[in-house]
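Asks: Submitted below is the structure of interest, expressed as structure tokens.
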Amino acid sequence: MMTPRENVLSLFRRMGCETMPTDFSMCPSLKAAFCEKTNCPPDEIGQRYGSPFGYVQDLSIEPQDENRFMRYYAERGLKPGTHIDAWGVAHEPGSEAAMHMTRMVNPLRDAQSVEELMEYPYPVLIPDDGRQRAQVESIHAKGLAAMGSMQCTIWETAWYMRSMEGLMMDMMDDGDMASAILDKVTENACTRASSFARAGCDLIFLGDDIGMQRTPMMSMELYRQWLKPRLAQVIRAARAEKPDVIILYHSCGYVLPFIDDLIEVGVDVLNPVQPECMDFKEVFERFGGRISFLGAIGTQTTMPFGTPEQVRQRVEEVLTIAGDKGGLLAAPTHLLEPEVPVENVLAYIDACRRFKG
């Protein structure tokens, strides 16, 4: 009998699995409704309902006064309740129910020179003192796979500061400014990825949204010039510490043109294969022998608007496509929002438990 860790690592290595794991997250209001219906404490959801992952905390950041960023907002003003993150990006409050929906205000939007970008107070990482290794060992003792998560790895972190329009203009017109901010972010990401791998993490979750609903977010030329080599650098940094670490990569949207490039730089698992944007059968037939997948259950369609039976059918459909060797952890493609019925979450869990291949 495999442990959850052994089972999911075998699945992602396309060597089959004994049971189908689950992986899902819920917004606060849906989580409260789920816990009320199932009588399950919030901190036991993963353990009780089949998640194979335990999460290792990221590196800490040297404490600094949040006010150091306020000069970047002096002329714009911020709404009450705004949170400024470690990169100085202001997040104005959005829906309490959805939680992750905020309006971002970009501190470096108006920067005009490389000097302005270089003098910005980027976060300073504190080297790990053994805390991450201890967390990995604790996770492994429970039979779970240790995951280090660093989504918004390069592109998103950089444009959150600079603004998407500003960074794209830099990439097209001002190579020095694009290099300045992207290199700063990549250096940070390499340090974090190395630390996760050195601590013994089984998997590292990277990602940047590079797809829109029907098209890539940028040309392949821009991607290959600016983002692909930096992602490769981050993956190399991790594998220099742990050659067999499994690399997951997240991008919502239509990413079909990027998949060969992601495989080339060392991505092992693609998330989420959003069915509203791409056909999983087509993606699996083209790439399934070279990369594995996490997702394929639509959070724009099936999970909120399907019946429980339709949820079960979709789970069985995509797992049947993946076949005996696996390579797919069927999961909702994003955070489950308030409109998702609890019954559909339970149907998803039930379908994973019942699937026999």
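Ordering of the structure tokens sets the chain letters (A, B, ...); residue numbers start at 1 within each chain; ligands are numbered from 1 in the order shown.
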Env of region 325-337 of chain A: 7 Å cut, atoms = only C-alpha atoms, seq-sep filter 2 positions within chain, self excluded. Answer as a PyMOL selection string.
Replies: chain A and resi 11-17+21-27+30+98+272+274+292-299+315+319+322-323+339-340
Asks: Since we have the selection now, will you write its residues out, keeping C-alpha atoms, as a PDB file, in the first residue's frame?
Replies:
```pdb
ATOM      1  CA  LEU A  11       1.233   9.518 -10.603  1.00  0.00           C
ATOM      2  CA  PHE A  12       3.195  12.597 -11.680  1.00  0.00           C
ATOM      3  CA  ARG A  13       6.028  10.375 -12.958  1.00  0.00           C
ATOM      4  CA  ARG A  14       3.440   8.567 -15.121  1.00  0.00           C
ATOM      5  CA  MET A  15       4.024   5.238 -13.400  1.00  0.00           C
ATOM      6  CA  GLY A  16       0.408   4.751 -12.309  1.00  0.00           C
ATOM      7  CA  CYS A  17      -1.183   5.223  -8.896  1.00  0.00           C
ATOM      8  CA  PRO A  21      -5.692  11.982  -4.837  1.00  0.00           C
ATOM      9  CA  THR A  22      -7.688  15.202  -4.602  1.00  0.00           C
ATOM     10  CA  ASP A  23      -6.531  18.786  -4.655  1.00  0.00           C
ATOM     11  CA  PHE A  24      -8.898  21.720  -4.192  1.00  0.00           C
ATOM     12  CA  SER A  25      -9.173  25.020  -2.365  1.00  0.00           C
ATOM     13  CA  MET A  26     -12.261  27.019  -1.430  1.00  0.00           C
ATOM     14  CA  CYS A  27     -12.997  30.682  -0.766  1.00  0.00           C
ATOM     15  CA  LEU A  30     -17.643  28.110   0.591  1.00  0.00           C
ATOM     16  CA  ALA A  98     -13.896  35.722  -2.918  1.00  0.00           C
ATOM     17  CA  PRO A 272      -4.485  23.801 -14.623  1.00  0.00           C
ATOM     18  CA  GLN A 274      -8.332  25.120 -18.174  1.00  0.00           C
ATOM     19  CA  SER A 292       1.908  15.442 -16.467  1.00  0.00           C
ATOM     20  CA  PHE A 293      -1.081  17.529 -15.466  1.00  0.00           C
ATOM     21  CA  LEU A 294      -2.939  18.903 -12.445  1.00  0.00           C
ATOM     22  CA  GLY A 295      -6.449  20.240 -13.054  1.00  0.00           C
ATOM     23  CA  ALA A 296      -8.842  19.851 -16.024  1.00  0.00           C
ATOM     24  CA  ILE A 297     -12.087  20.277 -13.986  1.00  0.00           C
ATOM     25  CA  GLY A 298     -13.548  23.659 -14.951  1.00  0.00           C
ATOM     26  CA  THR A 299     -14.211  26.258 -12.272  1.00  0.00           C
ATOM     27  CA  VAL A 315     -13.708  13.588 -13.474  1.00  0.00           C
ATOM     28  CA  LEU A 319      -8.994  10.337 -15.891  1.00  0.00           C
ATOM     29  CA  ALA A 322      -5.011   9.841 -18.977  1.00  0.00           C
ATOM     30  CA  GLY A 323      -5.234   6.051 -18.712  1.00  0.00           C
ATOM     31  CA  GLU A 339     -21.370  30.026  -6.377  1.00  0.00           C
ATOM     32  CA  VAL A 340     -20.032  26.444  -6.291  1.00  0.00           C
TER      33      VAL A 340
END
```
Asks: From a DSSP pass on the backbone, collect the residues of region 310-346 of chain A flagged as strand (DSSP E) and hand them back as a PyMOL selection string.
Replies: chain A and resi 328-332
Asks: List the spatial neighbours of Leu346 (chain A) as a PDB file with N, CA and C atoms, in the first residue's frame - criterion: any atom at most 12 Å away, only C-alpha atoms, same-chain residues fewer than 2 positions off excluded.
Replies:
```pdb
ATOM      1  N   THR A  22      -6.914  13.996  -4.311  1.00  0.00           N
ATOM      2  CA  THR A  22      -7.688  15.202  -4.602  1.00  0.00           C
ATOM      3  C   THR A  22      -6.819  16.416  -4.329  1.00  0.00           C
ATOM      4  N   PHE A  24      -7.937  20.637  -3.964  1.00  0.00           N
ATOM      5  CA  PHE A  24      -8.898  21.720  -4.192  1.00  0.00           C
ATOM      6  C   PHE A  24      -8.777  22.733  -3.066  1.00  0.00           C
ATOM      7  N   ALA A  33     -19.348  26.826   4.490  1.00  0.00           N
ATOM      8  CA  ALA A  33     -20.519  26.010   4.163  1.00  0.00           C
ATOM      9  C   ALA A  33     -20.149  24.534   4.075  1.00  0.00           C
ATOM     10  N   PHE A  34     -18.978  24.246   3.504  1.00  0.00           N
ATOM     11  CA  PHE A  34     -18.508  22.865   3.383  1.00  0.00           C
ATOM     12  C   PHE A  34     -18.290  22.245   4.764  1.00  0.00           C
ATOM     13  N   CYS A  35     -17.646  22.985   5.638  1.00  0.00           N
ATOM     14  CA  CYS A  35     -17.366  22.467   6.984  1.00  0.00           C
ATOM     15  C   CYS A  35     -18.651  22.254   7.776  1.00  0.00           C
ATOM     16  N   LYS A  37     -21.593  21.500   6.491  1.00  0.00           N
ATOM     17  CA  LYS A  37     -22.315  20.352   5.938  1.00  0.00           C
ATOM     18  C   LYS A  37     -21.634  19.032   6.289  1.00  0.00           C
ATOM     19  N   THR A  38     -20.312  19.029   6.328  1.00  0.00           N
ATOM     20  CA  THR A  38     -19.570  17.784   6.538  1.00  0.00           C
ATOM     21  C   THR A  38     -19.149  17.576   7.985  1.00  0.00           C
ATOM     22  N   ILE A  45      -9.527  19.399   6.427  1.00  0.00           N
ATOM     23  CA  ILE A  45     -10.131  19.109   5.130  1.00  0.00           C
ATOM     24  C   ILE A  45      -9.181  18.290   4.254  1.00  0.00           C
ATOM     25  N   TYR A  49     -10.004  14.446   3.203  1.00  0.00           N
ATOM     26  CA  TYR A  49     -10.570  14.291   1.863  1.00  0.00           C
ATOM     27  C   TYR A  49      -9.530  14.064   0.776  1.00  0.00           C
ATOM     28  N   GLY A  50      -8.366  13.566   1.125  1.00  0.00           N
ATOM     29  CA  GLY A  50      -7.494  12.970   0.127  1.00  0.00           C
ATOM     30  C   GLY A  50      -6.373  13.795  -0.438  1.00  0.00           C
ATOM     31  N   MET A 303     -17.819  23.037 -12.201  1.00  0.00           N
ATOM     32  CA  MET A 303     -17.940  23.102 -10.740  1.00  0.00           C
ATOM     33  C   MET A 303     -19.058  24.037 -10.274  1.00  0.00           C
ATOM     34  N   THR A 307     -24.319  19.716 -12.551  1.00  0.00           N
ATOM     35  CA  THR A 307     -24.933  18.933 -11.479  1.00  0.00           C
ATOM     36  C   THR A 307     -23.862  18.056 -10.847  1.00  0.00           C
ATOM     37  N   PRO A 308     -24.114  17.502  -9.664  1.00  0.00           N
ATOM     38  CA  PRO A 308     -23.146  16.559  -9.087  1.00  0.00           C
ATOM     39  C   PRO A 308     -22.806  15.414 -10.033  1.00  0.00           C
ATOM     40  N   GLU A 309     -23.790  14.911 -10.755  1.00  0.00           N
ATOM     41  CA  GLU A 309     -23.528  13.822 -11.692  1.00  0.00           C
ATOM     42  C   GLU A 309     -22.633  14.279 -12.836  1.00  0.00           C
ATOM     43  N   VAL A 311     -20.369  16.602 -12.601  1.00  0.00           N
ATOM     44  CA  VAL A 311     -19.024  16.701 -12.020  1.00  0.00           C
ATOM     45  C   VAL A 311     -18.373  15.328 -12.031  1.00  0.00           C
ATOM     46  N   ARG A 312     -19.094  14.306 -11.575  1.00  0.00           N
ATOM     47  CA  ARG A 312     -18.544  12.946 -11.552  1.00  0.00           C
ATOM     48  C   ARG A 312     -18.166  12.489 -12.963  1.00  0.00           C
ATOM     49  N   VAL A 340     -20.172  27.902  -6.156  1.00  0.00           N
ATOM     50  CA  VAL A 340     -20.032  26.444  -6.291  1.00  0.00           C
ATOM     51  C   VAL A 340     -20.830  25.746  -5.193  1.00  0.00           C
ATOM     52  N   PRO A 341     -21.773  24.859  -5.549  1.00  0.00           N
ATOM     53  CA  PRO A 341     -22.519  24.133  -4.519  1.00  0.00           C
ATOM     54  C   PRO A 341     -21.613  23.155  -3.756  1.00  0.00           C
ATOM     55  N   VAL A 342     -21.824  23.055  -2.458  1.00  0.00           N
ATOM     56  CA  VAL A 342     -21.075  22.084  -1.666  1.00  0.00           C
ATOM     57  C   VAL A 342     -21.250  20.679  -2.233  1.00  0.00           C
ATOM     58  N   GLU A 343     -22.438  20.385  -2.736  1.00  0.00           N
ATOM     59  CA  GLU A 343     -22.705  19.054  -3.303  1.00  0.00           C
ATOM     60  C   GLU A 343     -21.773  18.743  -4.470  1.00  0.00           C
ATOM     61  N   ASN A 344     -21.362  19.770  -5.217  1.00  0.00           N
ATOM     62  CA  ASN A 344     -20.444  19.541  -6.332  1.00  0.00           C
ATOM     63  C   ASN A 344     -19.027  19.281  -5.843  1.00  0.00           C
ATOM     64  N   TYR A 348     -17.042  15.809  -6.612  1.00  0.00           N
ATOM     65  CA  TYR A 348     -15.663  15.735  -7.106  1.00  0.00           C
ATOM     66  C   TYR A 348     -14.840  14.766  -6.253  1.00  0.00           C
ATOM     67  N   ILE A 349     -14.918  14.926  -4.936  1.00  0.00           N
ATOM     68  CA  ILE A 349     -14.186  14.042  -4.027  1.00  0.00           C
ATOM     69  C   ILE A 349     -14.605  12.592  -4.230  1.00  0.00           C
ATOM     70  N   ASP A 350     -15.892  12.359  -4.316  1.00  0.00           N
ATOM     71  CA  ASP A 350     -16.427  11.006  -4.476  1.00  0.00           C
ATOM     72  C   ASP A 350     -15.937  10.387  -5.783  1.00  0.00           C
ATOM     73  N   ALA A 351     -15.920  11.166  -6.862  1.00  0.00           N
ATOM     74  CA  ALA A 351     -15.492  10.629  -8.158  1.00  0.00           C
ATOM     75  C   ALA A 351     -14.022  10.225  -8.126  1.00  0.00           C
ATOM     76  N   CYS A 352     -13.188  11.027  -7.457  1.00  0.00           N
ATOM     77  CA  CYS A 352     -11.775  10.667  -7.333  1.00  0.00           C
ATOM     78  C   CYS A 352     -11.611   9.385  -6.528  1.00  0.00           C
ATOM     79  N   ARG A 353     -12.363   9.256  -5.444  1.00  0.00           N
ATOM     80  CA  ARG A 353     -12.264   8.062  -4.609  1.00  0.00           C
ATOM     81  C   ARG A 353     -12.707   6.808  -5.345  1.00  0.00           C
TER      82      ARG A 353
END
```
Asks: I'd like the interatomic distance between CA of Leu206 (chain A) and CA of His250 (chain A), to a tenth of an Å.
Replies: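 The value is 6.3 Å.
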Asks: Can you pull out every residue within 9 Å of Met220 (chain A), counting only C-alpha atoms, but drop anything in the same chain fewer than 5 positions away, and send it as a PyMOL selection string?
Replies: chain A and resi 225+257-258
Asks: Would you mind exporting the chosen residues as a PDB file, in the first residue's frame, restricted to N, CA and C atoms?
Replies:
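Saved file result_37.pdb follows:
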```pdb
ATOM      1  N   GLN A 225      12.320  35.501 -25.387  1.00  0.00           N
ATOM      2  CA  GLN A 225      13.425  36.424 -25.100  1.00  0.00           C
ATOM      3  C   GLN A 225      13.526  36.749 -23.623  1.00  0.00           C
ATOM      4  N   PRO A 257       0.507  27.099 -27.017  1.00  0.00           N
ATOM      5  CA  PRO A 257       1.752  27.374 -27.731  1.00  0.00           C
ATOM      6  C   PRO A 257       2.997  27.311 -26.843  1.00  0.00           C
ATOM      7  N   PHE A 258       2.808  27.418 -25.517  1.00  0.00           N
ATOM      8  CA  PHE A 258       3.958  27.460 -24.615  1.00  0.00           C
ATOM      9  C   PHE A 258       4.396  26.082 -24.118  1.00  0.00           C
TER      10      PHE A 258
END
```
Asks: For Glu241 (chain A), find every residue with an atom within 10 Å (counting only C-alpha atoms), except residues of its own chain fewer than 4 positions away, and show them as a list in words.
Replies: Ala193, Ser194, Ser195, Phe196, Ala197, Arg198, Ala199, Gly200, Arg236, Ala237 and Val245 of chain A
Asks: Would you mind telling me which residue in A:Met2, A:Val136, A:Ala32, A:Met70 lies nearest to Tyr55 (chain A) when using only C-alpha atoms?
Replies: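 Between A:Met2, A:Val136, A:Ala32, A:Met70, the residue approaching Tyr55 (chain A) most closely is A:Val136.
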Asks: Write out as an NGL selection string which residues come within 10 Å of Pro127 (chain A) when counting only C-alpha atoms, dropping same-chain ones fewer than 2 positions away.
Replies: :A and (59-62 or 124-125 or 129-130 or 191-192 or 195)
Asks: Put those residues in a file: N, CA and C atoms, as an mmCIF file, in the first residue's frame.
Replies:
```cif
data_model
loop_
_atom_site.group_PDB
_atom_site.id
_atom_site.type_symbol
_atom_site.label_atom_id
_atom_site.label_comp_id
_atom_site.auth_asym_id
_atom_site.auth_seq_id
_atom_site.Cartn_x
_atom_site.Cartn_y
_atom_site.Cartn_z
ATOM 1 N N LEU A 59 10.805 31.166 2.447
ATOM 2 C CA LEU A 59 11.799 31.913 3.209
ATOM 3 C C LEU A 59 11.187 33.172 3.805
ATOM 4 N N SER A 60 11.647 33.527 4.988
ATOM 5 C CA SER A 60 11.192 34.767 5.613
ATOM 6 C C SER A 60 11.887 35.955 4.957
ATOM 7 N N ILE A 61 11.300 37.119 5.161
ATOM 8 C CA ILE A 61 11.826 38.362 4.606
ATOM 9 C C ILE A 61 12.240 39.274 5.746
ATOM 10 N N GLU A 62 13.371 39.923 5.576
ATOM 11 C CA GLU A 62 13.825 40.838 6.623
ATOM 12 C C GLU A 62 12.751 41.881 6.900
ATOM 13 N N VAL A 124 14.278 41.544 1.055
ATOM 14 C CA VAL A 124 15.547 40.868 1.334
ATOM 15 C C VAL A 124 15.243 39.568 2.063
ATOM 16 N N LEU A 125 15.661 38.443 1.478
ATOM 17 C CA LEU A 125 15.358 37.131 2.034
ATOM 18 C C LEU A 125 16.309 36.768 3.165
ATOM 19 N N ASP A 129 17.173 28.624 8.409
ATOM 20 C CA ASP A 129 17.971 28.183 9.559
ATOM 21 C C ASP A 129 17.678 26.738 9.938
ATOM 22 N N GLY A 130 17.100 25.968 9.036
ATOM 23 C CA GLY A 130 16.729 24.591 9.324
ATOM 24 C C GLY A 130 15.239 24.392 9.481
ATOM 25 N N THR A 191 16.799 31.997 -5.343
ATOM 26 C CA THR A 191 17.156 31.772 -3.942
ATOM 27 C C THR A 191 16.085 30.953 -3.234
ATOM 28 N N ARG A 192 14.829 31.281 -3.466
ATOM 29 C CA ARG A 192 13.731 30.563 -2.819
ATOM 30 C C ARG A 192 13.639 29.123 -3.319
ATOM 31 N N SER A 195 16.381 26.996 -1.887
ATOM 32 C CA SER A 195 16.168 26.692 -0.484
ATOM 33 C C SER A 195 15.132 25.586 -0.300
#
```
Asks: I'd like the contact shell of Pro107 (chain A) - 10 Å cut-off, only C-alpha atoms, skipping same-chain residues fewer than 3 positions apart - returned as a ChimeraX atom specification.
Replies: /A:69-73,76,87-90,104,110-111,120,160-163
Asks: Have a look at A:Thr102, A:Gln64, A:Thr186, A:Gln213 and name the one nearest to Gly81 (chain A); count only C-alpha atoms.
Replies: A:Thr102
Asks: I need the residue nearest Glu187 (chain A) from this list: A:Pro123, A:Pro216, A:Gly211, A:Pro28. Use only C-alpha atoms for the distance.
Replies: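 Under the stated criterion, the closest residue is A:Pro123.
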Asks: Can you tell me how far CA of Gly289 (chain A) sits from CA of Met150 (chain A), in Å to one decimal?
Replies: 25.8 Å
Asks: Pick the closest to Ile246 (chain A) from A:Ser29, A:Thr3, A:Ser149, A:Gln300: which is it, counting only C-alpha atoms?
Replies: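 Ranking A:Ser29, A:Thr3, A:Ser149, A:Gln300 by distance to Ile246 (chain A), first place goes to A:Ser149.
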